[in-house]
Every structure is written in C-alpha cells, then in structure tokens.
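Content type mmCIF, C-alpha atoms and all ligand atoms, from the file upload.cif:
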```
data_final
loop_
_atom_site.label_atom_id
_atom_site.label_comp_id
_atom_site.auth_asym_id
_atom_site.auth_seq_id
_atom_site.Cartn_x
_atom_site.Cartn_y
_atom_site.Cartn_z
CA MET A 125 -1.06 22.19 -11.67
CA ARG A 126 1.97 20.62 -10.03
CA TRP A 127 0.70 19.01 -6.86
CA THR A 128 3.55 18.77 -4.33
CA PHE A 129 4.22 18.37 -0.61
CA ASP A 130 3.08 21.99 -0.14
CA ASN A 131 -0.42 21.03 -1.31
CA ILE A 132 -0.92 18.41 1.41
CA PRO A 133 -3.58 19.78 3.74
CA GLU A 134 -2.94 20.09 7.45
CA GLN A 135 -3.16 16.62 9.02
CA SER A 136 -3.30 17.33 12.74
CA GLY A 137 -5.82 15.21 14.61
CA ARG A 138 -5.59 12.50 11.96
CA THR A 139 -4.18 9.02 12.46
CA ALA A 140 -2.53 7.10 9.63
CA ILE A 141 -1.04 3.63 9.25
CA VAL A 142 1.56 3.18 6.51
CA THR A 143 2.83 -0.34 5.80
CA GLY A 144 6.43 -0.75 4.69
CA ALA A 145 7.20 2.65 6.17
CA ASN A 146 10.88 2.10 6.92
CA ALA A 147 12.07 2.55 3.32
CA GLY A 148 11.35 4.02 -0.09
CA ILE A 149 7.91 5.40 -0.87
CA GLY A 150 6.39 4.25 2.43
CA TYR A 151 9.02 6.12 4.39
CA ALA A 152 8.58 9.27 2.29
CA ALA A 153 4.78 9.14 2.67
CA ALA A 154 4.94 8.51 6.43
CA ARG A 155 7.40 11.34 6.88
CA ALA A 156 5.30 13.79 4.84
CA LEU A 157 2.12 12.93 6.76
CA ALA A 158 3.92 13.40 10.10
CA MET A 159 5.47 16.70 8.96
CA LYS A 160 1.93 17.89 8.20
CA GLY A 161 0.73 16.98 11.68
CA ALA A 162 -0.63 13.43 11.51
CA ARG A 163 -0.06 10.71 14.08
CA VAL A 164 1.63 8.10 11.90
CA ILE A 165 2.02 4.44 12.76
CA MET A 166 4.98 3.22 10.78
CA ALA A 167 4.13 -0.44 10.22
CA CYS A 168 7.36 -2.34 9.52
CA ARG A 169 8.43 -5.95 9.61
CA ASN A 170 11.91 -5.47 11.05
CA ARG A 171 12.24 -3.81 14.47
CA GLU A 172 15.76 -2.46 13.94
CA ARG A 173 15.02 -0.91 10.55
CA GLY A 174 11.70 0.36 11.85
CA GLU A 175 13.25 2.01 14.90
CA ALA A 176 15.90 3.66 12.73
CA ALA A 177 13.19 5.04 10.41
CA VAL A 178 11.07 6.34 13.29
CA ALA A 179 14.15 8.01 14.79
CA ARG A 180 15.00 9.64 11.46
CA VAL A 181 11.55 11.21 11.13
CA ALA A 182 11.41 12.18 14.81
CA ALA A 183 14.77 13.95 14.45
CA GLU A 184 13.11 16.32 11.99
CA GLN A 185 10.70 17.38 14.73
CA PRO A 186 7.50 16.81 12.76
CA ALA A 187 4.33 18.68 13.67
CA GLY A 188 2.70 15.29 14.27
CA SER A 189 4.15 12.12 15.72
CA VAL A 190 5.55 8.79 14.58
CA GLU A 191 5.52 5.43 16.27
CA LEU A 192 6.59 1.94 15.29
CA ALA A 193 4.37 -1.11 15.06
CA ILE A 194 5.54 -4.46 13.81
CA ILE A 195 3.76 -6.25 10.99
CA ASP A 196 4.98 -8.97 8.69
CA LEU A 197 2.59 -9.12 5.76
CA ALA A 198 4.01 -12.51 4.88
CA SER A 199 2.29 -13.94 7.96
CA LEU A 200 -1.46 -13.76 8.53
CA GLU A 201 -0.83 -14.35 12.24
CA SER A 202 1.35 -11.24 12.32
CA VAL A 203 -1.30 -9.24 10.42
CA ARG A 204 -3.92 -10.27 13.00
CA ALA A 205 -1.62 -9.46 15.91
CA PHE A 206 -0.95 -6.01 14.44
CA ALA A 207 -4.67 -5.27 13.99
CA ASP A 208 -5.53 -6.56 17.48
CA SER A 209 -2.86 -4.45 19.07
CA PHE A 210 -3.89 -1.36 17.10
CA GLU A 211 -7.49 -1.77 18.26
CA ALA A 212 -6.33 -2.36 21.84
CA ASN A 213 -3.76 0.46 22.06
CA GLY A 214 -5.19 2.95 19.58
CA SER A 215 -8.36 3.56 21.53
CA GLY A 216 -6.43 4.88 24.54
CA VAL A 217 -4.53 7.37 22.41
CA ASP A 218 -7.11 9.03 20.21
CA ASN A 219 -10.49 7.44 20.77
CA GLY A 220 -9.66 4.68 18.35
CA ARG A 221 -9.75 6.63 15.12
CA LEU A 222 -8.07 5.60 11.89
CA ASP A 223 -8.28 8.20 9.13
CA LEU A 224 -5.95 6.58 6.68
CA LEU A 225 -4.58 3.15 5.86
CA VAL A 226 -1.83 3.08 3.24
CA ASN A 227 -1.32 -0.44 1.86
CA ASN A 228 2.18 0.28 0.60
CA ALA A 229 4.56 -2.55 1.55
CA GLY A 230 5.71 -4.62 -1.37
CA VAL A 231 8.19 -7.04 -2.85
CA MET A 232 9.15 -7.35 -6.50
CA ILE A 233 10.64 -10.38 -8.32
CA PRO A 234 12.34 -12.00 -5.31
CA PRO A 235 13.85 -15.47 -5.59
CA GLN A 236 11.07 -18.05 -5.36
CA SER A 237 9.72 -18.14 -1.84
CA LYS A 238 6.51 -18.48 0.15
CA THR A 239 4.75 -16.74 3.00
CA ALA A 240 4.33 -18.40 6.39
CA ASP A 241 0.89 -19.51 5.20
CA GLY A 242 2.21 -21.11 2.02
CA PHE A 243 1.36 -18.45 -0.58
CA GLU A 244 3.73 -17.30 -3.32
CA LEU A 245 5.51 -14.35 -1.68
CA GLN A 246 4.40 -11.55 -4.01
CA ILE A 247 0.68 -12.35 -4.07
CA GLY A 248 0.91 -13.10 -0.35
CA VAL A 249 2.58 -9.87 0.77
CA ASN A 250 1.42 -7.38 -1.85
CA PHE A 251 -2.21 -8.49 -2.03
CA LEU A 252 -3.44 -11.12 0.47
CA GLY A 253 -1.70 -9.56 3.49
CA HIS A 254 -3.18 -6.14 2.71
CA PHE A 255 -6.60 -7.63 1.93
CA ALA A 256 -6.63 -9.18 5.42
CA LEU A 257 -5.26 -6.06 7.10
CA THR A 258 -7.92 -3.85 5.53
CA GLY A 259 -10.71 -6.17 6.61
CA LEU A 260 -9.40 -6.39 10.15
CA LEU A 261 -9.23 -2.58 10.41
CA LEU A 262 -12.54 -1.88 8.69
CA ASP A 263 -14.48 -1.33 11.93
CA VAL A 264 -12.15 1.39 13.13
CA LEU A 265 -11.99 2.96 9.65
CA ALA A 266 -15.80 2.99 9.55
CA ARG A 267 -15.95 4.66 12.98
CA THR A 268 -13.82 7.53 11.64
CA ASP A 269 -15.44 10.20 9.46
CA ASP A 270 -14.20 10.35 5.87
CA SER A 271 -11.48 7.76 6.29
CA ARG A 272 -9.51 6.44 3.31
CA VAL A 273 -7.68 3.31 2.23
CA VAL A 274 -4.96 3.80 -0.36
CA THR A 275 -3.52 0.70 -2.03
CA LEU A 276 -0.35 0.71 -4.11
CA SER A 277 -0.52 -0.77 -7.57
CA SER A 278 1.95 -0.33 -10.44
CA LEU A 279 2.28 0.20 -14.17
CA ALA A 280 3.03 -3.54 -14.07
CA HIS A 281 -0.67 -4.25 -13.41
CA ARG A 282 -1.29 -3.73 -17.14
CA GLY A 283 0.52 -6.96 -18.01
CA GLY A 284 -1.06 -8.92 -15.16
CA ARG A 285 -3.47 -11.88 -15.29
CA ILE A 286 -5.18 -13.55 -12.38
CA ASP A 287 -4.41 -17.25 -12.14
CA PHE A 288 -5.79 -18.53 -8.84
CA ASP A 289 -3.78 -21.75 -8.97
CA SER A 290 -0.54 -19.77 -8.92
CA PHE A 291 -1.41 -18.21 -5.54
CA TRP A 292 0.09 -21.30 -3.93
CA GLY A 293 3.18 -21.06 -6.14
CA ALA A 294 3.33 -22.09 -9.79
CA ARG A 295 5.40 -25.14 -10.75
CA HIS A 296 7.52 -22.93 -13.01
CA TYR A 297 8.18 -19.73 -11.12
CA LYS A 298 8.07 -16.62 -13.29
CA PRO A 299 8.88 -13.74 -10.97
CA TRP A 300 7.61 -10.97 -13.27
CA ARG A 301 4.34 -12.76 -13.96
CA GLU A 302 3.72 -13.09 -10.22
CA TYR A 303 4.58 -9.43 -9.59
CA GLN A 304 2.28 -8.24 -12.39
CA GLN A 305 -0.50 -10.47 -11.09
CA SER A 306 -0.07 -9.18 -7.53
CA LYS A 307 -0.26 -5.54 -8.63
CA LEU A 308 -3.31 -6.22 -10.82
CA ALA A 309 -4.91 -7.90 -7.78
CA CYS A 310 -4.11 -4.82 -5.66
CA LEU A 311 -5.83 -2.51 -8.16
CA MET A 312 -8.85 -4.80 -8.58
CA PHE A 313 -9.10 -4.97 -4.80
CA ALA A 314 -9.00 -1.17 -4.41
CA LEU A 315 -11.77 -0.71 -7.02
CA GLU A 316 -13.92 -3.57 -5.70
CA LEU A 317 -13.49 -2.32 -2.13
CA GLN A 318 -14.81 1.08 -3.20
CA GLN A 319 -17.85 -0.55 -4.86
CA ARG A 320 -18.65 -2.58 -1.77
CA LEU A 321 -18.15 0.31 0.65
CA HIS A 322 -20.36 2.55 -1.46
CA ALA A 323 -23.07 -0.10 -1.88
CA ARG A 324 -23.28 -0.56 1.87
CA GLY A 325 -23.26 3.14 2.69
CA PHE A 326 -19.87 3.26 4.42
CA GLN A 327 -18.16 6.66 4.69
CA VAL A 328 -14.80 5.03 3.90
CA SER A 329 -13.20 5.65 0.49
CA SER A 330 -10.84 3.31 -1.33
CA LEU A 331 -8.33 4.69 -3.82
CA ALA A 332 -5.28 3.30 -5.57
CA ALA A 333 -1.99 4.91 -6.53
CA HIS A 334 1.21 4.06 -8.38
CA PRO A 335 4.58 5.81 -8.25
CA GLY A 336 5.66 5.39 -11.90
CA GLY A 337 9.38 4.66 -11.83
CA THR A 338 10.90 5.52 -8.47
CA LYS A 339 14.43 4.79 -7.32
CA THR A 340 14.09 2.54 -4.24
CA ASP A 341 15.24 -0.82 -2.90
CA LEU A 342 12.35 -2.48 -4.72
CA GLN A 343 14.54 -3.09 -7.76
CA ARG A 344 17.28 -4.88 -5.79
CA HIS A 345 16.64 -8.28 -7.39
CA ASN A 346 17.35 -7.02 -10.92
CA ARG A 347 20.61 -5.23 -11.69
CA ALA A 348 19.53 -3.81 -15.06
CA LEU A 349 16.41 -2.31 -13.54
CA MET A 350 18.40 -0.89 -10.64
CA TRP A 351 20.72 0.77 -13.08
CA ALA A 352 17.85 2.11 -15.22
CA MET A 353 16.09 3.48 -12.15
CA SER A 354 19.25 5.13 -10.89
CA LEU A 355 19.29 7.09 -14.18
CA LEU A 356 15.57 7.61 -14.83
CA GLY A 357 13.72 7.01 -11.59
CA MET A 358 12.18 9.71 -9.46
CA SER A 359 13.23 10.30 -5.87
CA ALA A 360 11.18 8.53 -3.20
CA ASP A 361 9.82 11.91 -2.08
CA GLN A 362 8.41 12.57 -5.55
CA GLY A 363 7.34 8.96 -6.06
CA ALA A 364 5.28 9.24 -2.87
CA LEU A 365 3.22 12.14 -4.23
CA PRO A 366 0.52 10.02 -5.98
CA THR A 367 0.06 8.12 -2.70
CA LEU A 368 -0.14 11.38 -0.76
CA PHE A 369 -2.57 12.90 -3.26
CA ALA A 370 -4.85 9.86 -2.99
CA ALA A 371 -4.49 9.95 0.80
CA THR A 372 -5.08 13.62 1.50
CA GLU A 373 -6.31 15.67 -1.46
CA PRO A 374 -9.89 16.81 -0.74
CA ARG A 375 -10.84 16.57 -4.45
CA ALA A 376 -9.75 12.90 -4.69
CA ARG A 377 -12.66 10.46 -4.72
CA GLY A 378 -13.12 6.80 -3.94
CA GLY A 379 -12.43 4.56 -6.95
CA GLU A 380 -9.76 6.85 -8.40
CA TYR A 381 -6.31 5.62 -9.43
CA ILE A 382 -3.56 8.22 -9.16
CA GLY A 383 -0.14 8.18 -10.88
CA PRO A 384 2.47 10.52 -12.36
CA HIS A 385 1.30 12.73 -15.24
CA GLY A 386 4.35 12.39 -17.54
CA ILE A 387 4.95 10.25 -20.60
CA TYR A 388 3.89 6.61 -20.00
CA GLU A 389 3.16 7.68 -16.41
CA ILE A 390 6.79 7.03 -15.50
CA ARG A 391 7.56 10.41 -13.99
CA GLY A 392 5.74 13.55 -13.02
CA TYR A 393 3.14 14.93 -10.66
CA PRO A 394 -0.08 13.26 -9.48
CA THR A 395 -2.99 12.93 -11.87
CA ALA A 396 -5.60 10.32 -12.88
CA ALA A 397 -3.78 7.20 -14.10
CA LYS A 398 -4.82 4.69 -16.75
CA ILE A 399 -6.63 1.59 -15.52
CA ALA A 400 -6.23 -1.52 -17.69
CA ALA A 401 -9.51 -3.07 -18.84
CA ARG A 402 -8.65 -6.27 -16.98
CA ALA A 403 -8.68 -4.39 -13.68
CA ARG A 404 -12.30 -3.42 -14.35
CA ASP A 405 -13.46 -6.99 -14.89
CA THR A 406 -16.17 -7.01 -12.23
CA GLU A 407 -16.85 -10.73 -12.41
CA MET A 408 -13.18 -11.54 -11.88
CA SER A 409 -12.92 -8.92 -9.13
CA ARG A 410 -15.76 -10.61 -7.24
CA ARG A 411 -14.07 -13.99 -7.61
CA LEU A 412 -10.80 -12.51 -6.44
CA TRP A 413 -12.54 -11.13 -3.35
CA ASP A 414 -14.11 -14.53 -2.57
CA VAL A 415 -10.78 -16.31 -2.99
CA ALA A 416 -8.98 -13.75 -0.80
CA GLU A 417 -11.60 -14.20 1.93
CA LYS A 418 -11.21 -17.95 1.77
CA HIS A 419 -7.40 -17.88 1.77
CA THR A 420 -7.04 -15.30 4.56
CA GLY A 421 -10.04 -16.28 6.67
CA VAL A 422 -10.94 -12.57 6.87
CA ARG A 423 -14.51 -12.01 5.68
CA TYR A 424 -15.92 -8.52 5.22
CA LEU A 425 -18.39 -6.67 3.00
CA SER A 426 -19.39 -10.08 1.59
N1 LIG B 501 9.64 1.97 -6.82
C1 LIG B 501 8.86 1.90 -7.90
O1 LIG B 501 9.26 2.32 -9.01
C2 LIG B 501 7.51 1.29 -7.81
C3 LIG B 501 6.75 1.18 -8.98
C4 LIG B 501 5.46 0.67 -8.92
C5 LIG B 501 4.93 0.28 -7.71
N2 LIG B 501 5.67 0.38 -6.58
C6 LIG B 501 5.06 -0.07 -5.31
O2 LIG B 501 5.31 0.85 -4.28
C7 LIG B 501 5.32 0.19 -3.02
C8 LIG B 501 6.54 0.61 -2.22
O3 LIG B 501 7.69 0.15 -2.88
P1 LIG B 501 9.11 0.88 -2.78
O4 LIG B 501 9.50 1.20 -4.18
O5 LIG B 501 9.10 1.93 -1.76
O6 LIG B 501 10.01 -0.38 -2.33
P2 LIG B 501 11.03 -0.56 -1.12
O7 LIG B 501 11.91 0.62 -0.97
O8 LIG B 501 11.66 -1.89 -1.35
O9 LIG B 501 10.07 -0.61 0.15
C9 LIG B 501 9.22 -1.69 0.35
C10 LIG B 501 8.78 -1.69 1.79
O10 LIG B 501 7.93 -2.85 1.98
C11 LIG B 501 8.42 -3.55 3.12
N3 LIG B 501 8.08 -4.96 3.09
C12 LIG B 501 8.50 -5.91 2.22
N4 LIG B 501 8.04 -7.11 2.59
C13 LIG B 501 7.30 -6.92 3.71
C14 LIG B 501 6.59 -7.77 4.58
N5 LIG B 501 6.55 -9.09 4.40
N6 LIG B 501 5.94 -7.23 5.63
C15 LIG B 501 5.99 -5.90 5.86
N7 LIG B 501 6.67 -5.04 5.09
C16 LIG B 501 7.33 -5.56 4.03
C17 LIG B 501 9.91 -3.32 3.10
O11 LIG B 501 10.49 -3.66 4.34
P3 LIG B 501 12.04 -4.08 4.44
O12 LIG B 501 12.84 -2.83 4.32
O13 LIG B 501 12.11 -4.72 5.78
O14 LIG B 501 12.31 -5.02 3.30
C18 LIG B 501 9.94 -1.83 2.78
O15 LIG B 501 9.67 -1.09 3.93
C19 LIG B 501 5.25 -1.30 -3.34
O16 LIG B 501 3.93 -1.77 -3.15
C20 LIG B 501 5.62 -1.39 -4.81
O17 LIG B 501 5.03 -2.51 -5.47
C21 LIG B 501 6.94 0.87 -6.60
#
```
Could you render the structure from this file as structure tokens?
Ligand SMILES: NC(=O)c1ccc[n+]([C@@H]2O[C@H](COP(=O)([O-])OP(=O)(O)OC[C@H]3O[C@@H](n4cnc5c(N)ncnc54)[C@H](OP(=O)(O)O)[C@@H]3O)[C@@H](O)[C@H]2O)c1
Amino acid sequence: MRWTFDNIPEQSGRTAIVTGANAGIGYAAARALAMKGARVIMACRNRERGEAAVARVAAEQPAGSVELAIIDLASLESVRAFADSFEANGSGVDNGRLDLLVNNAGVMIPPQSKTADGFELQIGVNFLGHFALTGLLLDVLARTDDSRVVTLSSLAHRGGRIDFDSFWGARHYKPWREYQQSKLACLMFALELQQRLHARGFQVSSLAAHPGGTKTDLQRHNRALMWAMSLLGMSADQGALPTLFAATEPRARGGEYIGPHGIYEIRGYPTAAKIAARARDTEMSRRLWDVAEKHTGVRYLS
C-alpha cells in the first residue's frame, strides 16, 4: 500500500511541536499536520525564517493552526527557555497537552564548529539538543493520552560509531564521521527511550524515521551530494512521509523505525526500515543515555 498525505488521520484537537520546521522535511511535516487539523508549533532557530514559514502555511488556510516558537538546539539554555515557555503558554491554550514531538532539526557535515555549550555541532544539535528537549517535555507528553515522540535518523546511522570523546570535538575533524555518529545516537536514543517508557508504564511512544534521500538544504555543504540529490532525491513532501507515518499512523508502534520502501531505502513510501545491529547495542545505548544526561544536565527515566 502506498501511504500518502491522504492516509494521515484527522488531527484536530492535537498539538504537535516540530523542530526545524522552517525548511525541508520539518516544514513539509508541520504543514501536513496543520492541513489535517493539528495545532502545530513550528520550532525554529531564526525568527525571520520562522515567521516566513508560518506565514506560508497560514496562507494555505489549514484546518488547524500554526505558530512560531524560537529554539536553538545548539544552546541548552535556548532549549530550556523553549520548554519553559511551552509549559507556561501551552496550558492556557489547550490544557497543556502535547500529542506529538518531532525531533527533526538537523545539520550535516558543516565546517568544524561547536555549540554554545562546547559540543561538536552535529552531535550537539542532532542528538544532545533533542535529548534535552524530550526530557524537558516529558511531563506534558505523559499527561497527554497516546502521545508520541518521533526522532529523525538517517541511512547514515549504519556507518556510525559512538566515540564519547569526540562529543567535545575530535582533534581531527571528520565531518561525515560526526554526522553518522549523531544519526546513530538519534536512533539509539529513540529505541532506548521506548524501552524506558514501556518499562515505567508511560503511555508515550517513541519511534524513529528517516527520509531516504530527500532534496533539501541539508546537503548544502557538499556540492556533489547537492547535485546527486537534485537528480535522485525525493521532494520534501514525500521525504516527510516516513515522519508523518511514525507520527500519526494508528498501526505504528513504539520502537519502530520507518523509512522509504524502495531499493536501499533511498526513495519510496513509508515502511519498516532496517536498523543496524550497532543501534541495538543495549549496553552502549544505556551508556549513551547516561552520558547525554550528564552533558545536558537533563535527567529523566534514569
Ligand atoms: N534530506 C535528506 O535526504 C535526509 C536524509 C536523512 C536524514 N535527514 C534528516 O532529516 C532532518 C531534516 O533535514 P532536512 O533534510 O529537512 O534539512 P534542512 O532542509 O537543512 O532542514 C533542517 C532544519 O533544521 C534546522 N536547524 C539546523 N540547526 C538548528 C539549530 N541549531 N536549532 C534549531 N533548528 C536548527 C534548520 O534551520 P535553518 O533553516 O535556520 O538552518 C532547518 O529548519 C534532519 O534531522 C536530517 O538529519 C535528512
């Protein structure tokens, strides 16, 4: 079966947060959720780009609503401020519910740089920022029936290895290695989160998704990849389907990893995706959780 936008169930009454919602897959997912009736908080780091994205969705007169909230995942202070303000403002709007958190924002192979807290940018934004955000929003997720967390991984997770020392920036920066590591960490986090939620009887589900090869700004630091994606990549609307399946499909279950069904999972429609053995290393996943708690100062489900 080809699962498409038409298969997304009605979302009215539901509240979603999508990080990195001003562009690419995040924008497409936020738009689709709003068109289906959800209240969507488009969590973006840049006010101007965020406002433009919100205006673009609003101009389509969605059945739901969109609003902008600022978050810079490269700053734990900003992540905390976002969560505090969501808790403070959200409760007045819809009794403080949060049905869906989409951990989507990401950077790939940027020039060597660090987050405000001193972490290598890719592990900091893609993984540690979302780890902290999820923990800070867990109370409100737990107060909402059948809520979900969807975390974006990548085919790149298959080549990843966790090297805790490199979280502070390796002496010899290898941008691909850091990206692969960050996306492996995201997948391990999504699976470990599901285990911990289940073990403690929470009604929150954690799933992961990847968009195969999708033509977005993500490839901007590599010309060859940009060119390849412009020929082979899916549109952002199609690339967002695995995320939307994980986020809304009633048959989807916690612990699942969703990606495109086609050859090598590069293109196609949502289906169960292959999880590398390394992502199922439970001992390493526990260590990763402990390290993330220590580095972010956000402790939950310990
Ligand atoms: N495209 C693909 O083929 C592909 C493949 C595998 C996985 N993915 C994953 O899919 C997700 C979405 O990527 P995309 O392809 O849609 O890329 P994109 O078009 O570059 O969008 C990335 C989004 O993340 C935001 N972002 C970056 N750094 C941030 C920060 N510090 N704080 C908050 N937001 C930040 C960006 O904001 P700005 O616009 O302000 O930079 C943008 O909104 C990523 O997690 C990526 O790893 C994509």
Closest atom pairs, chain A residues within 6 Å of ligand LIG 501 (chain B), only C-alpha atoms and all ligand atoms, as CSV:
```
residue,atom,partner,partner_atom,distance
A:Gly144,CA,B:LIG501,O15,3.3
A:Ala145,CA,B:LIG501,O15,5.0
A:Asn146,CA,B:LIG501,O15,4.5
A:Ala147,CA,B:LIG501,O15,4.4
A:Gly148,CA,B:LIG501,O5,3.5
A:Ile149,CA,B:LIG501,O5,3.8
A:Gly150,CA,B:LIG501,O5,5.5
A:Cys168,CA,B:LIG501,N7,5.2
A:Arg169,CA,B:LIG501,C15,4.5
A:Asn170,CA,B:LIG501,O13,5.3
A:Ile195,CA,B:LIG501,C15,5.6
A:Asp196,CA,B:LIG501,N6,3.6
A:Leu197,CA,B:LIG501,N6,3.8
A:Ala198,CA,B:LIG501,N5,4.3
A:Asn228,CA,B:LIG501,O16,4.6
A:Ala229,CA,B:LIG501,O10,3.4
A:Gly230,CA,B:LIG501,O16,3.8
A:Val231,CA,B:LIG501,C12,5.2
A:Val249,CA,B:LIG501,N5,5.4
A:Leu276,CA,B:LIG501,O16,5.0
A:Ser277,CA,B:LIG501,C5,5.6
A:Ser278,CA,B:LIG501,C4,4.0
A:His334,CA,B:LIG501,C5,5.3
A:Pro335,CA,B:LIG501,C3,5.2
A:Gly336,CA,B:LIG501,C3,5.2
A:Gly337,CA,B:LIG501,O1,3.7
A:Thr338,CA,B:LIG501,O1,3.6
A:Lys339,CA,B:LIG501,N1,5.6
A:Thr340,CA,B:LIG501,O7,4.4
A:Asp341,CA,B:LIG501,O8,4.0
A:Leu342,CA,B:LIG501,O8,3.5
```
Residues of stretch 211-267 of chain A that have any atom at most 7 Å from an atom of stretch 285-303 of chain A: could you tabulate them with the shortest-distance atom pair and the distance in Å to one decimal, using all atoms listed in the file, ordered by chain and increasing number, as a Markdown table?
```
| residue | atom | partner | partner_atom | distance |
| --- | --- | --- | --- | --- |
| A:Met232 | CA | A:Tyr303 | CA | 5.9 |
| A:Ile233 | CA | A:Pro299 | CA | 4.6 |
| A:Pro234 | CA | A:Pro299 | CA | 6.9 |
| A:Gln236 | CA | A:Tyr297 | CA | 6.7 |
| A:Gly242 | CA | A:Trp292 | CA | 6.3 |
| A:Phe243 | CA | A:Trp292 | CA | 4.6 |
| A:Glu244 | CA | A:Gly293 | CA | 4.7 |
| A:Gln246 | CA | A:Tyr303 | CA | 6.0 |
| A:Ile247 | CA | A:Phe291 | CA | 6.4 |
```
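For the pair atom CA of A:Thr406 and atom CA of A:Ser199, the separation is 28.2 Å.
You will find atom CA of A:Arg155 at 28.5 Å from atom CA of A:Leu321.
Atom to atom, atom CA of A:Ala396 and atom CA of A:Thr258 stand 23.3 Å apart.
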Residues within 8 Å of (-3.6, -4.0, -8.8), file coords, all atoms listed in the file, listed as a ChimeraX atom specification: /A:276-278,281,305-314,403
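Minimum atom-to-atom distance to A:Trp413, evaluated using only C-alpha atoms, belongs to A:Ala256 out of A:Ala323, A:Ala256, A:Ala370, A:Ile132.
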Write out as a CSV table (one decimal) with C-alpha atoms, in the frame of the given file each polymer residue whose atoms come within 8 Å of A:Thr420, counting all atoms listed in the file; drop sequence neighbours fewer than 4 positions from it.
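Wrote it out as selection07.csv, contents follow:
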```csv
chain,number,residue,atom,x,y,z
A,200,LEU,CA,-1.5,-13.8,8.5
A,252,LEU,CA,-3.4,-11.1,0.5
A,253,GLY,CA,-1.7,-9.6,3.5
A,256,ALA,CA,-6.6,-9.2,5.4
A,416,ALA,CA,-9.0,-13.8,-0.8
```
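Near (3.0, 9.2, -16.8), the residues that fall inside 12 Å on the basis of only C-alpha atoms are A:Ser278, A:Leu279, A:His334, A:Pro335, A:Gly336, A:Gly337, A:Met358, A:Gly363, A:Pro366, A:Ile382, A:Gly383, A:Pro384, A:His385, A:Gly386, A:Ile387, A:Tyr388, A:Glu389, A:Ile390, A:Arg391, A:Gly392, A:Tyr393, A:Pro394, A:Thr395, A:Ala396, A:Ala397, A:Lys398.
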Enclose the full set of atoms of stretch 230-243 of chain A listed in the file within a box whose edges lie along x, y and z, apply 5 Å of padding to each of the six sides, and report centre and edge lengths in Å to one decimal as JSON.
```
{"center_x": 7.4, "center_y": -12.9, "center_z": -1.0, "size_x": 23.0, "size_y": 26.5, "size_z": 24.7}
```
